>>> print(open('input_14.cif').read())   # mmCIF, C-alpha atoms and all ligand atoms
data_protein
#
loop_
_atom_site.label_atom_id
_atom_site.label_comp_id
_atom_site.auth_asym_id
_atom_site.auth_seq_id
_atom_site.Cartn_x
_atom_site.Cartn_y
_atom_site.Cartn_z
CA MET B 205 -37.56 -9.08 45.69
CA SER B 206 -37.71 -5.39 46.57
CA ALA B 207 -41.02 -3.54 46.84
CA SER B 208 -40.28 -1.61 43.68
CA SER B 209 -39.54 -4.67 41.53
CA GLU B 210 -42.71 -6.41 42.83
CA ASN B 211 -44.71 -3.53 41.46
CA LEU B 212 -42.88 -3.27 38.19
CA ASP B 213 -45.18 -2.71 35.22
CA LEU B 214 -44.08 -5.34 32.69
CA PHE B 215 -46.81 -4.44 30.19
CA THR B 216 -46.04 -0.85 29.23
CA PRO B 217 -42.44 -1.41 28.06
CA VAL B 218 -43.61 -4.12 25.63
CA PHE B 219 -46.44 -1.84 24.44
CA LYS B 220 -43.89 0.92 23.75
CA HIS B 221 -41.50 -1.53 22.10
CA PHE B 222 -44.10 -2.58 19.49
CA ARG B 223 -45.44 0.95 19.13
CA HIS B 224 -42.07 2.07 17.78
CA LEU B 225 -40.79 -1.06 16.05
CA SER B 226 -40.47 -1.20 12.24
CA ASP B 227 -43.26 -3.06 10.42
CA LYS B 228 -40.75 -5.68 9.33
CA ASP B 229 -39.59 -6.41 12.87
CA CYS B 230 -43.20 -6.47 14.14
CA LEU B 231 -43.94 -9.21 11.61
CA ILE B 232 -40.87 -11.16 12.75
CA GLN B 233 -41.35 -10.77 16.49
CA ALA B 234 -45.12 -11.14 16.85
CA TYR B 235 -46.50 -14.66 17.25
CA SER B 236 -48.24 -16.27 14.29
CA ILE B 237 -48.72 -19.84 13.14
CA THR B 238 -46.06 -19.36 10.47
CA THR B 239 -43.38 -17.64 12.56
CA HIS B 240 -43.92 -19.36 15.94
CA PRO B 241 -45.72 -22.67 15.22
CA THR B 242 -44.66 -24.27 18.51
CA LEU B 243 -46.64 -21.68 20.50
CA PHE B 244 -49.94 -22.87 19.00
CA GLN B 245 -51.59 -26.24 19.61
CA GLN B 246 -54.05 -27.20 16.87
CA CYS B 247 -57.45 -28.45 18.08
CA PRO B 248 -58.97 -31.10 15.80
CA LEU B 249 -62.51 -30.12 14.76
CA ASN B 250 -65.22 -32.76 14.67
CA ILE B 251 -68.49 -31.12 13.87
CA SER B 252 -70.97 -31.02 11.07
CA ILE B 253 -73.42 -28.18 11.34
CA ASP B 254 -75.09 -26.34 8.51
CA VAL B 255 -73.58 -22.92 8.06
CA ASP B 256 -75.85 -20.26 6.61
CA SER B 257 -74.20 -19.01 3.42
CA SER B 258 -75.06 -15.39 4.31
CA LEU B 259 -72.40 -15.56 7.08
CA GLY B 260 -69.58 -15.55 4.50
CA LEU B 261 -67.76 -18.49 6.12
CA GLN B 262 -65.71 -21.25 4.52
CA PRO B 263 -66.78 -24.87 5.14
CA ILE B 264 -66.01 -25.79 8.77
CA SER B 265 -63.89 -28.74 7.57
CA THR B 266 -61.30 -26.18 6.36
CA TRP B 267 -61.10 -24.15 9.61
CA SER B 268 -57.97 -24.17 11.77
CA LEU B 269 -58.49 -23.66 15.50
CA TYR B 270 -55.55 -23.39 17.90
CA SER B 271 -55.15 -23.00 21.63
CA CYS B 272 -52.43 -20.46 22.42
CA LYS B 273 -49.77 -21.91 24.71
CA PHE B 274 -48.69 -18.42 25.85
CA SER B 275 -52.07 -17.52 27.43
CA ASN B 276 -54.28 -19.96 29.31
CA GLY B 277 -57.76 -20.10 27.76
CA LEU B 278 -56.93 -18.06 24.66
CA TYR B 279 -58.00 -19.60 21.33
CA PHE B 280 -57.12 -18.50 17.83
CA LEU B 281 -59.31 -19.30 14.83
CA SER B 282 -57.31 -18.56 11.70
CA ASN B 283 -59.46 -16.59 9.23
CA PRO B 284 -62.55 -18.77 8.58
CA PHE B 285 -64.10 -16.25 6.13
CA THR B 286 -64.28 -16.27 2.35
CA LEU B 287 -62.97 -13.18 0.54
CA ASN B 288 -66.51 -12.18 -0.32
CA GLY B 289 -67.53 -12.84 3.29
CA GLN B 290 -64.86 -10.45 4.57
CA ARG B 291 -66.04 -7.74 2.18
CA GLN B 292 -69.63 -8.27 3.34
CA TRP B 293 -68.71 -7.93 7.04
CA ILE B 294 -66.60 -4.83 6.35
CA ASN B 295 -69.56 -3.38 4.48
CA ARG B 296 -71.90 -4.10 7.42
CA CYS B 297 -69.48 -2.46 9.88
CA LEU B 298 -69.33 0.67 7.71
CA ASN B 299 -72.85 0.98 6.34
CA ASN B 300 -75.01 -0.60 9.06
CA TYR B 301 -73.32 -0.82 12.47
CA ALA B 302 -71.64 2.61 12.28
CA ARG B 303 -74.88 4.29 11.18
CA GLN B 304 -76.61 4.78 14.52
CA THR B 305 -76.80 6.96 17.60
CA ARG B 306 -74.35 5.24 20.01
CA THR B 307 -70.90 5.95 18.58
CA SER B 308 -67.74 7.77 19.68
CA VAL B 309 -68.80 10.75 17.54
CA GLY B 310 -72.36 10.82 18.87
CA ASP B 311 -75.27 10.35 16.50
CA ASN B 312 -73.90 9.02 13.22
CA SER B 313 -77.25 7.95 11.73
CA ASP B 314 -76.45 9.76 8.48
CA ASN B 315 -72.91 8.26 8.40
CA GLN B 316 -71.41 11.72 7.86
CA ASN B 317 -68.77 11.09 10.55
CA LEU B 318 -67.64 7.66 9.44
CA THR B 319 -64.00 8.62 8.90
CA ARG B 320 -63.77 10.00 12.48
CA ILE B 321 -65.60 7.19 14.24
CA ARG B 322 -63.60 5.22 16.83
CA TRP B 323 -66.27 2.89 18.22
CA ALA B 324 -69.94 1.96 17.95
CA THR B 325 -71.91 -0.24 20.34
CA LEU B 326 -74.86 -2.60 19.86
CA GLY B 327 -76.98 -4.61 22.31
CA TYR B 328 -76.45 -3.34 25.88
CA HIS B 329 -74.59 -0.08 25.34
CA TYR B 330 -71.45 0.51 27.33
CA ASP B 331 -71.18 3.61 29.50
CA TRP B 332 -67.47 4.41 28.98
CA THR B 333 -67.34 7.00 31.76
CA ASN B 334 -68.74 4.80 34.50
CA LYS B 335 -67.48 1.55 32.94
CA ILE B 336 -70.83 -0.21 33.19
CA TYR B 337 -73.47 -1.54 30.84
CA LYS B 338 -76.80 0.22 31.13
CA GLN B 339 -79.64 -2.24 31.61
CA ASP B 340 -82.15 0.29 30.30
CA ASP B 341 -80.10 1.25 27.26
CA HIS B 342 -80.36 -1.58 24.80
CA THR B 343 -80.75 -1.85 21.04
CA ASN B 344 -81.05 -4.91 18.90
CA ILE B 345 -77.99 -6.96 17.94
CA PRO B 346 -78.47 -7.68 14.22
CA ASP B 347 -79.45 -11.31 13.53
CA GLU B 348 -76.44 -12.00 11.31
CA LEU B 349 -74.05 -11.04 14.14
CA VAL B 350 -75.87 -13.28 16.61
CA GLN B 351 -75.82 -16.12 14.07
CA LEU B 352 -72.12 -15.62 13.28
CA SER B 353 -71.09 -15.69 16.93
CA GLN B 354 -73.34 -18.68 17.68
CA THR B 355 -71.90 -20.65 14.77
CA ILE B 356 -68.31 -19.93 15.77
CA ALA B 357 -68.98 -20.54 19.47
CA GLN B 358 -70.78 -23.80 18.72
CA VAL B 359 -67.82 -25.13 16.74
CA ILE B 360 -65.32 -24.09 19.41
CA SER B 361 -67.31 -25.18 22.45
CA SER B 362 -68.04 -28.62 21.01
CA ASN B 363 -64.32 -29.24 20.39
CA THR B 364 -62.72 -27.64 23.47
CA ASN B 365 -63.79 -26.87 27.04
CA CYS B 366 -64.70 -23.31 26.07
CA PRO B 367 -68.33 -22.53 27.09
CA MET B 368 -70.97 -21.30 24.60
CA ILE B 369 -71.55 -17.58 24.24
CA TYR B 370 -74.86 -15.75 23.84
CA PRO B 371 -73.87 -12.23 22.83
CA GLU B 372 -75.61 -9.38 24.65
CA ALA B 373 -73.20 -6.52 23.95
CA VAL B 374 -71.10 -5.73 20.89
CA ILE B 375 -68.34 -3.15 20.54
CA ILE B 376 -67.06 -2.32 17.09
CA ASN B 377 -63.65 -0.62 17.17
CA TYR B 378 -62.47 1.39 14.17
CA TYR B 379 -58.69 1.95 13.97
CA HIS B 380 -56.56 4.21 11.77
CA LEU B 381 -53.01 3.07 10.99
CA ASN B 382 -51.67 5.15 13.88
CA SER B 383 -54.39 4.24 16.42
CA THR B 384 -53.66 2.24 19.56
CA LEU B 385 -55.79 0.69 22.29
CA CYS B 386 -54.30 1.00 25.77
CA ALA B 387 -53.84 -1.89 28.16
CA HIS B 388 -57.11 -2.83 29.85
CA THR B 389 -59.15 -5.75 31.14
CA ASP B 390 -62.80 -6.31 30.20
CA HIS B 391 -64.46 -6.95 33.55
CA SER B 392 -67.75 -4.99 33.44
CA GLU B 393 -69.75 -8.04 32.42
CA TYR B 394 -71.22 -8.87 35.89
CA ASP B 395 -71.98 -12.59 36.06
CA ALA B 396 -70.58 -13.26 32.62
CA LEU B 397 -66.87 -13.16 33.39
CA THR B 398 -66.73 -16.92 32.97
CA LYS B 399 -68.24 -16.57 29.48
CA PRO B 400 -65.96 -16.22 26.48
CA LEU B 401 -65.33 -12.98 24.66
CA LEU B 402 -65.25 -13.32 20.87
CA SER B 403 -63.16 -10.85 18.91
CA ILE B 404 -63.01 -10.60 15.11
CA SER B 405 -60.51 -8.60 13.00
CA PHE B 406 -61.03 -7.10 9.55
CA GLY B 407 -58.88 -4.87 7.36
CA ASN B 408 -55.27 -4.11 8.25
CA SER B 409 -53.32 -6.28 10.66
CA ALA B 410 -52.69 -5.65 14.34
CA ILE B 411 -50.35 -6.60 17.13
CA PHE B 412 -52.49 -7.86 20.01
CA LEU B 413 -50.70 -7.98 23.36
CA ILE B 414 -52.00 -10.28 26.08
CA GLY B 415 -50.45 -10.34 29.54
CA GLY B 416 -51.50 -11.41 33.01
CA GLN B 417 -54.34 -10.40 35.35
CA THR B 418 -52.14 -7.56 36.60
CA LYS B 419 -49.56 -5.60 34.66
CA THR B 420 -46.86 -6.84 37.01
CA GLU B 421 -47.59 -10.57 36.65
CA CYS B 422 -45.72 -11.26 33.40
CA GLN B 423 -44.57 -9.69 30.16
CA PRO B 424 -47.39 -9.65 27.60
CA SER B 425 -47.18 -11.91 24.54
CA PRO B 426 -47.47 -10.26 21.12
CA MET B 427 -49.84 -11.92 18.67
CA LEU B 428 -50.30 -11.02 15.01
CA LEU B 429 -53.91 -10.70 13.86
CA HIS B 430 -54.84 -10.55 10.17
CA SER B 431 -58.09 -9.75 8.41
CA GLY B 432 -60.67 -12.43 9.19
CA ASP B 433 -58.83 -13.85 12.22
CA ILE B 434 -60.85 -14.53 15.37
CA ILE B 435 -59.67 -14.82 18.96
CA ILE B 436 -61.68 -16.20 21.83
CA MET B 437 -60.77 -15.21 25.36
CA THR B 438 -62.03 -17.66 27.94
CA GLY B 439 -60.78 -19.07 31.26
CA THR B 440 -57.84 -17.15 32.74
CA SER B 441 -57.19 -15.15 29.56
CA ARG B 442 -60.72 -13.67 29.77
CA LEU B 443 -59.55 -11.52 32.69
CA CYS B 444 -56.08 -10.67 31.42
CA PHE B 445 -54.69 -7.30 30.41
CA HIS B 446 -54.58 -6.81 26.66
CA ALA B 447 -53.88 -3.97 24.25
CA ILE B 448 -53.31 -3.02 20.62
CA PRO B 449 -50.00 -1.11 20.39
CA ARG B 450 -49.84 -1.21 16.63
CA ILE B 451 -51.81 -1.44 13.38
CA LEU B 452 -49.79 -2.75 10.42
CA SER B 453 -50.57 -1.96 6.82
CA ASP B 454 -51.38 -5.24 5.05
CA PRO B 455 -50.85 -5.48 1.26
CA PHE B 456 -53.40 -8.33 1.20
CA LEU B 457 -56.18 -5.71 1.21
CA ASN B 458 -55.05 -4.19 -2.07
CA ASP B 459 -53.53 -7.26 -3.68
CA ILE B 460 -56.25 -9.79 -2.97
CA LEU B 461 -59.28 -8.64 -0.97
CA TYR B 462 -60.15 -5.60 -3.08
CA LYS B 463 -58.29 -6.41 -6.30
CA ASN B 464 -60.27 -5.78 -9.51
CA ILE B 465 -63.51 -4.94 -7.70
CA ASP B 466 -66.16 -3.40 -9.89
CA ASP B 467 -68.99 -3.04 -7.38
CA ASP B 468 -69.41 0.65 -6.45
CA ASN B 469 -70.18 -0.13 -2.83
CA ASP B 470 -67.04 -2.28 -2.54
CA LYS B 471 -65.05 0.66 -3.91
CA VAL B 472 -66.44 2.89 -1.15
CA CYS B 473 -65.56 0.25 1.46
CA TRP B 474 -62.04 -0.12 0.06
CA SER B 475 -61.44 3.63 0.21
CA TYR B 476 -62.24 3.42 3.93
CA ILE B 477 -60.56 0.15 4.90
CA HIS B 478 -57.32 0.36 2.88
CA ASP B 479 -55.76 2.29 5.77
CA LYS B 480 -57.96 1.12 8.67
CA ARG B 481 -58.67 -1.90 10.85
CA ILE B 482 -62.04 -2.93 12.27
CA ASN B 483 -62.54 -5.16 15.31
CA ILE B 484 -65.93 -6.58 16.31
CA ASN B 485 -66.06 -7.98 19.81
CA LEU B 486 -69.03 -9.73 21.37
CA ARG B 487 -69.66 -10.35 25.03
CA GLN B 488 -72.27 -11.86 27.26
CA VAL B 489 -73.18 -9.39 30.01
CA TYR B 490 -75.86 -10.60 32.40
CA THR B 491 -76.56 -14.27 31.91
O1 LIG C 1 -59.17 -4.45 18.66
C1 LIG C 1 -58.97 -5.48 19.28
O2 LIG C 1 -58.55 -6.51 18.74
C2 LIG C 1 -59.22 -5.52 20.78
C3 LIG C 1 -60.41 -4.74 21.23
C4 LIG C 1 -60.64 -4.81 22.71
O3 LIG C 1 -59.84 -5.32 23.45
C5 LIG C 1 -61.86 -4.23 23.30
O4 LIG C 1 -62.66 -3.61 22.60
O5 LIG C 1 -62.07 -4.42 24.51
FE FE C 2 -60.68 -5.59 25.42
#
>>> encode(input="input_14.cif", output="structure tokens")
Amino acid sequence: MSASSENLDLFTPVFKHFRHLSDKDCLIQAYSITTHPTLFQQCPLNISIDVDSSLGLQPISTWSLYSCKFSNGLYFLSNPFTLNGQRQWINRCLNNYARQTRTSVGDNSDNQNLTRIRWATLGYHYDWTNKIYKQDDHTNIPDELVQLSQTIAQVISSNTNCPMIYPEAVIINYYHLNSTLCAHTDHSEYDALTKPLLSISFGNSAIFLIGGQTKTECQPSPMLLHSGDIIIMTGTSRLCFHAIPRILSDPFLNDILYKNIDDDNDKVCWSYIHDKRININLRQVYT
């Protein structure tokens, strides 16, 4: 192999491919349980824990958890939320988590900049310039988010070899239909790189690319994420390059999730989310 082919970036061409592909072809090519069932291995779930109804989850007996054969240590939990639960979490992302001082648009306590916001952080706040968490810059992670991640992590860790997670930092990403997230690894979490990263999608769909630990190792795999879907990155996949090259408009939002709503607050949420996607990701940082 020549020096140049050893250093070939295999990630960026796939990113560009999905960036410019038609919606229809994205839905055909990206991996989902329906289009590529052989790439997912279902994990039987044996657990009976009480789930607090405020978390907006369906009974655990109805959840479908899969390990992804295309990325070692990557798990996919197909939307475990109720419709009302999804609306509640979208509402929290818009009216609670975005309304604070640490956001991409600075202080958004009055929520005046909601339509421009790109990210908000909770728990240990991330210093994006220096790519570190600041030990002395910490705000509370709301109880319901801790409870949600603990419930999900408990179900997964007791049925797979994925460790538990105790979230210490949360990033909420807000995407417009034309937003992207460039290829990156999440490796600022000090001693916690062996701990899983939990990532939850709401609103419009996304293509999630996951590759190797370098961009040259392998071509990234494209995964389709819908509203309510959860991925868990643990083991090797925890350190792998990933990206969002594409947000896809999902008729589910209009046809099902926000159909015939009469609650005024839900109407406000719909007017935001109908052309956006929200991602909540939770990490352990120090312990
Ligand atoms: O939006 C997503 O699904 C991925 C977000 C992500 O990778 C990150 O915030 O580090
Ligand atoms: Fe990431």
>>> residues_near_ligand(input="input_14.cif", ligand="ligand FE 2 (chain C)", cutoff="9 Å", atoms="only C-alpha atoms and all ligand atoms", output="PDB file with C-alpha atoms, in the frame of the given file")
ATOM      1  CA  LEU B 385     -55.790   0.690  22.290  1.00  0.00           C
ATOM      2  CA  ALA B 387     -53.840  -1.890  28.160  1.00  0.00           C
ATOM      3  CA  HIS B 388     -57.110  -2.830  29.850  1.00  0.00           C
ATOM      4  CA  THR B 389     -59.150  -5.750  31.140  1.00  0.00           C
ATOM      5  CA  ASP B 390     -62.800  -6.310  30.200  1.00  0.00           C
ATOM      6  CA  LEU B 401     -65.330 -12.980  24.660  1.00  0.00           C
ATOM      7  CA  SER B 403     -63.160 -10.850  18.910  1.00  0.00           C
ATOM      8  CA  PHE B 445     -54.690  -7.300  30.410  1.00  0.00           C
ATOM      9  CA  HIS B 446     -54.580  -6.810  26.660  1.00  0.00           C
ATOM     10  CA  ALA B 447     -53.880  -3.970  24.250  1.00  0.00           C
ATOM     11  CA  ASN B 485     -66.060  -7.980  19.810  1.00  0.00           C
TER      12      ASN B 485
END
>>> closest_atom_pairs(input="input_14.cif", of="chain B", to="ligand LIG 1 (chain C)", cutoff="10 Å", atoms="all atoms listed in the file", output="tab-separated table")
residue	atom	partner	partner_atom	distance
B:Trp323	CA	C:LIG1	O4	8.6
B:Val374	CA	C:LIG1	O4	8.9
B:Ile375	CA	C:LIG1	O4	6.1
B:Ile376	CA	C:LIG1	O4	7.2
B:Asn377	CA	C:LIG1	O1	6.1
B:Tyr378	CA	C:LIG1	O1	8.1
B:Tyr379	CA	C:LIG1	O1	7.9
B:Thr384	CA	C:LIG1	O1	8.7
B:Leu385	CA	C:LIG1	O1	7.1
B:Cys386	CA	C:LIG1	O3	8.7
B:Ala387	CA	C:LIG1	O3	8.4
B:His388	CA	C:LIG1	O3	7.4
B:Thr389	CA	C:LIG1	O5	7.4
B:Asp390	CA	C:LIG1	O5	6.0
B:His391	CA	C:LIG1	O5	9.7
B:Leu401	CA	C:LIG1	O5	9.2
B:Leu402	CA	C:LIG1	O2	9.8
B:Ser403	CA	C:LIG1	O2	6.3
B:Ile404	CA	C:LIG1	O2	7.1
B:Ser405	CA	C:LIG1	O2	6.4
B:Phe406	CA	C:LIG1	O2	9.5
B:Ser409	CA	C:LIG1	O2	9.6
B:Ala410	CA	C:LIG1	O2	7.4
B:Ile411	CA	C:LIG1	O2	8.4
B:Phe412	CA	C:LIG1	O2	6.3
B:Leu413	CA	C:LIG1	O2	9.2
B:Ile414	CA	C:LIG1	O3	9.6
B:Leu429	CA	C:LIG1	O2	7.9
B:Asp433	CA	C:LIG1	O2	9.8
B:Ile434	CA	C:LIG1	O2	9.0
B:Ile435	CA	C:LIG1	O2	8.4
B:Phe445	CA	C:LIG1	O3	8.9
B:His446	CA	C:LIG1	O3	6.3
B:Ala447	CA	C:LIG1	O3	6.2
B:Ile448	CA	C:LIG1	C1	6.3
B:Pro449	CA	C:LIG1	O1	9.9
B:Ile451	CA	C:LIG1	O1	9.5
B:Arg481	CA	C:LIG1	O1	8.2
B:Ile482	CA	C:LIG1	O1	7.2
B:Asn483	CA	C:LIG1	O1	4.8
B:Ile484	CA	C:LIG1	O1	7.5
B:Asn485	CA	C:LIG1	O4	6.2
B:Leu486	CA	C:LIG1	O4	8.9
B:Arg487	CA	C:LIG1	O5	9.6
>>> closest_residue(input="input_14.cif", among="B:Tyr394, B:Pro424, B:Leu349, B:Asp340", to="B:Val218", atoms="only C-alpha atoms")
B:Pro424
>>> atom_distance(input="input_14.cif", atom1="atom CA of B:Pro217", atom2="atom CA of B:Leu281")
27.9 Å
>>> atom_distance(input="input_14.cif", atom1="atom CA of B:Asn334", atom2="atom CA of B:Ser308")
15.1 Å
>>> build_atoms(input="input_14.cif", residues="stretch 419-450 of chain B", atoms="N, CA and C atoms", output="PDB file, keeping the file's coordinate frame")
ATOM      1  N   LYS B 419     -50.635  -5.962  35.587  1.00  0.00           N
ATOM      2  CA  LYS B 419     -49.560  -5.600  34.660  1.00  0.00           C
ATOM      3  C   LYS B 419     -48.198  -6.073  35.151  1.00  0.00           C
ATOM      4  N   THR B 420     -48.151  -6.457  36.430  1.00  0.00           N
ATOM      5  CA  THR B 420     -46.860  -6.840  37.010  1.00  0.00           C
ATOM      6  C   THR B 420     -46.619  -8.352  36.936  1.00  0.00           C
ATOM      7  N   GLU B 421     -47.661  -9.104  36.588  1.00  0.00           N
ATOM      8  CA  GLU B 421     -47.590 -10.570  36.650  1.00  0.00           C
ATOM      9  C   GLU B 421     -46.575 -11.161  35.657  1.00  0.00           C
ATOM     10  N   CYS B 422     -46.620 -10.707  34.422  1.00  0.00           N
ATOM     11  CA  CYS B 422     -45.720 -11.260  33.400  1.00  0.00           C
ATOM     12  C   CYS B 422     -45.636 -10.275  32.232  1.00  0.00           C
ATOM     13  N   GLN B 423     -44.652 -10.495  31.381  1.00  0.00           N
ATOM     14  CA  GLN B 423     -44.570  -9.690  30.160  1.00  0.00           C
ATOM     15  C   GLN B 423     -45.692 -10.130  29.230  1.00  0.00           C
ATOM     16  N   PRO B 424     -46.344  -9.215  28.531  1.00  0.00           N
ATOM     17  CA  PRO B 424     -47.390  -9.650  27.600  1.00  0.00           C
ATOM     18  C   PRO B 424     -46.806 -10.333  26.371  1.00  0.00           C
ATOM     19  N   SER B 425     -47.571 -11.241  25.783  1.00  0.00           N
ATOM     20  CA  SER B 425     -47.180 -11.910  24.540  1.00  0.00           C
ATOM     21  C   SER B 425     -47.761 -11.152  23.365  1.00  0.00           C
ATOM     22  N   PRO B 426     -46.978 -10.971  22.296  1.00  0.00           N
ATOM     23  CA  PRO B 426     -47.470 -10.260  21.120  1.00  0.00           C
ATOM     24  C   PRO B 426     -48.013 -11.237  20.080  1.00  0.00           C
ATOM     25  N   MET B 427     -49.224 -11.021  19.643  1.00  0.00           N
ATOM     26  CA  MET B 427     -49.840 -11.920  18.670  1.00  0.00           C
ATOM     27  C   MET B 427     -50.178 -11.113  17.431  1.00  0.00           C
ATOM     28  N   LEU B 428     -49.992 -11.715  16.257  1.00  0.00           N
ATOM     29  CA  LEU B 428     -50.300 -11.020  15.010  1.00  0.00           C
ATOM     30  C   LEU B 428     -51.697 -11.406  14.551  1.00  0.00           C
ATOM     31  N   LEU B 429     -52.544 -10.420  14.321  1.00  0.00           N
ATOM     32  CA  LEU B 429     -53.910 -10.700  13.860  1.00  0.00           C
ATOM     33  C   LEU B 429     -54.119 -10.122  12.470  1.00  0.00           C
ATOM     34  N   HIS B 430     -54.576 -10.961  11.548  1.00  0.00           N
ATOM     35  CA  HIS B 430     -54.840 -10.550  10.170  1.00  0.00           C
ATOM     36  C   HIS B 430     -56.345 -10.423   9.939  1.00  0.00           C
ATOM     37  N   SER B 431     -56.676  -9.877   8.776  1.00  0.00           N
ATOM     38  CA  SER B 431     -58.090  -9.750   8.410  1.00  0.00           C
ATOM     39  C   SER B 431     -58.776 -11.108   8.422  1.00  0.00           C
ATOM     40  N   GLY B 432     -59.890 -11.205   9.119  1.00  0.00           N
ATOM     41  CA  GLY B 432     -60.670 -12.430   9.190  1.00  0.00           C
ATOM     42  C   GLY B 432     -60.338 -13.297  10.399  1.00  0.00           C
ATOM     43  N   ASP B 433     -59.197 -13.036  11.061  1.00  0.00           N
ATOM     44  CA  ASP B 433     -58.830 -13.850  12.220  1.00  0.00           C
ATOM     45  C   ASP B 433     -59.775 -13.590  13.401  1.00  0.00           C
ATOM     46  N   ILE B 434     -59.960 -14.638  14.204  1.00  0.00           N
ATOM     47  CA  ILE B 434     -60.850 -14.530  15.370  1.00  0.00           C
ATOM     48  C   ILE B 434     -60.095 -15.010  16.599  1.00  0.00           C
ATOM     49  N   ILE B 435     -60.196 -14.273  17.700  1.00  0.00           N
ATOM     50  CA  ILE B 435     -59.670 -14.820  18.960  1.00  0.00           C
ATOM     51  C   ILE B 435     -60.823 -14.964  19.939  1.00  0.00           C
ATOM     52  N   ILE B 436     -60.664 -15.931  20.815  1.00  0.00           N
ATOM     53  CA  ILE B 436     -61.680 -16.200  21.830  1.00  0.00           C
ATOM     54  C   ILE B 436     -60.949 -16.188  23.165  1.00  0.00           C
ATOM     55  N   MET B 437     -61.387 -15.286  24.044  1.00  0.00           N
ATOM     56  CA  MET B 437     -60.770 -15.210  25.360  1.00  0.00           C
ATOM     57  C   MET B 437     -61.706 -15.893  26.344  1.00  0.00           C
ATOM     58  N   THR B 438     -61.219 -16.956  26.952  1.00  0.00           N
ATOM     59  CA  THR B 438     -62.030 -17.660  27.940  1.00  0.00           C
ATOM     60  C   THR B 438     -61.090 -18.061  29.085  1.00  0.00           C
ATOM     61  N   GLY B 439     -61.623 -18.655  30.137  1.00  0.00           N
ATOM     62  CA  GLY B 439     -60.780 -19.070  31.260  1.00  0.00           C
ATOM     63  C   GLY B 439     -59.961 -17.910  31.802  1.00  0.00           C
ATOM     64  N   THR B 440     -58.699 -18.184  32.143  1.00  0.00           N
ATOM     65  CA  THR B 440     -57.840 -17.150  32.740  1.00  0.00           C
ATOM     66  C   THR B 440     -57.671 -15.964  31.800  1.00  0.00           C
ATOM     67  N   SER B 441     -57.493 -16.244  30.497  1.00  0.00           N
ATOM     68  CA  SER B 441     -57.190 -15.150  29.560  1.00  0.00           C
ATOM     69  C   SER B 441     -58.330 -14.127  29.480  1.00  0.00           C
ATOM     70  N   ARG B 442     -59.550 -14.565  29.834  1.00  0.00           N
ATOM     71  CA  ARG B 442     -60.720 -13.670  29.770  1.00  0.00           C
ATOM     72  C   ARG B 442     -60.518 -12.427  30.660  1.00  0.00           C
ATOM     73  N   LEU B 443     -59.720 -12.610  31.724  1.00  0.00           N
ATOM     74  CA  LEU B 443     -59.550 -11.520  32.690  1.00  0.00           C
ATOM     75  C   LEU B 443     -58.184 -10.838  32.573  1.00  0.00           C
ATOM     76  N   CYS B 444     -57.450 -11.178  31.531  1.00  0.00           N
ATOM     77  CA  CYS B 444     -56.080 -10.670  31.420  1.00  0.00           C
ATOM     78  C   CYS B 444     -55.997  -9.307  30.721  1.00  0.00           C
ATOM     79  N   PHE B 445     -54.971  -8.573  31.086  1.00  0.00           N
ATOM     80  CA  PHE B 445     -54.690  -7.300  30.410  1.00  0.00           C
ATOM     81  C   PHE B 445     -54.356  -7.556  28.953  1.00  0.00           C
ATOM     82  N   HIS B 446     -54.903  -6.717  28.082  1.00  0.00           N
ATOM     83  CA  HIS B 446     -54.580  -6.810  26.660  1.00  0.00           C
ATOM     84  C   HIS B 446     -54.599  -5.415  26.061  1.00  0.00           C
ATOM     85  N   ALA B 447     -54.017  -5.294  24.871  1.00  0.00           N
ATOM     86  CA  ALA B 447     -53.880  -3.970  24.250  1.00  0.00           C
ATOM     87  C   ALA B 447     -53.562  -4.136  22.767  1.00  0.00           C
ATOM     88  N   ILE B 448     -53.750  -3.062  22.024  1.00  0.00           N
ATOM     89  CA  ILE B 448     -53.310  -3.020  20.620  1.00  0.00           C
ATOM     90  C   ILE B 448     -52.298  -1.872  20.506  1.00  0.00           C
ATOM     91  N   PRO B 449     -50.993  -2.184  20.492  1.00  0.00           N
ATOM     92  CA  PRO B 449     -50.000  -1.110  20.390  1.00  0.00           C
ATOM     93  C   PRO B 449     -49.769  -0.663  18.950  1.00  0.00           C
ATOM     94  N   ARG B 450     -50.268  -1.465  17.994  1.00  0.00           N
ATOM     95  CA  ARG B 450     -49.840  -1.210  16.630  1.00  0.00           C
ATOM     96  C   ARG B 450     -50.809  -1.766  15.591  1.00  0.00           C
TER      97      ARG B 450
END
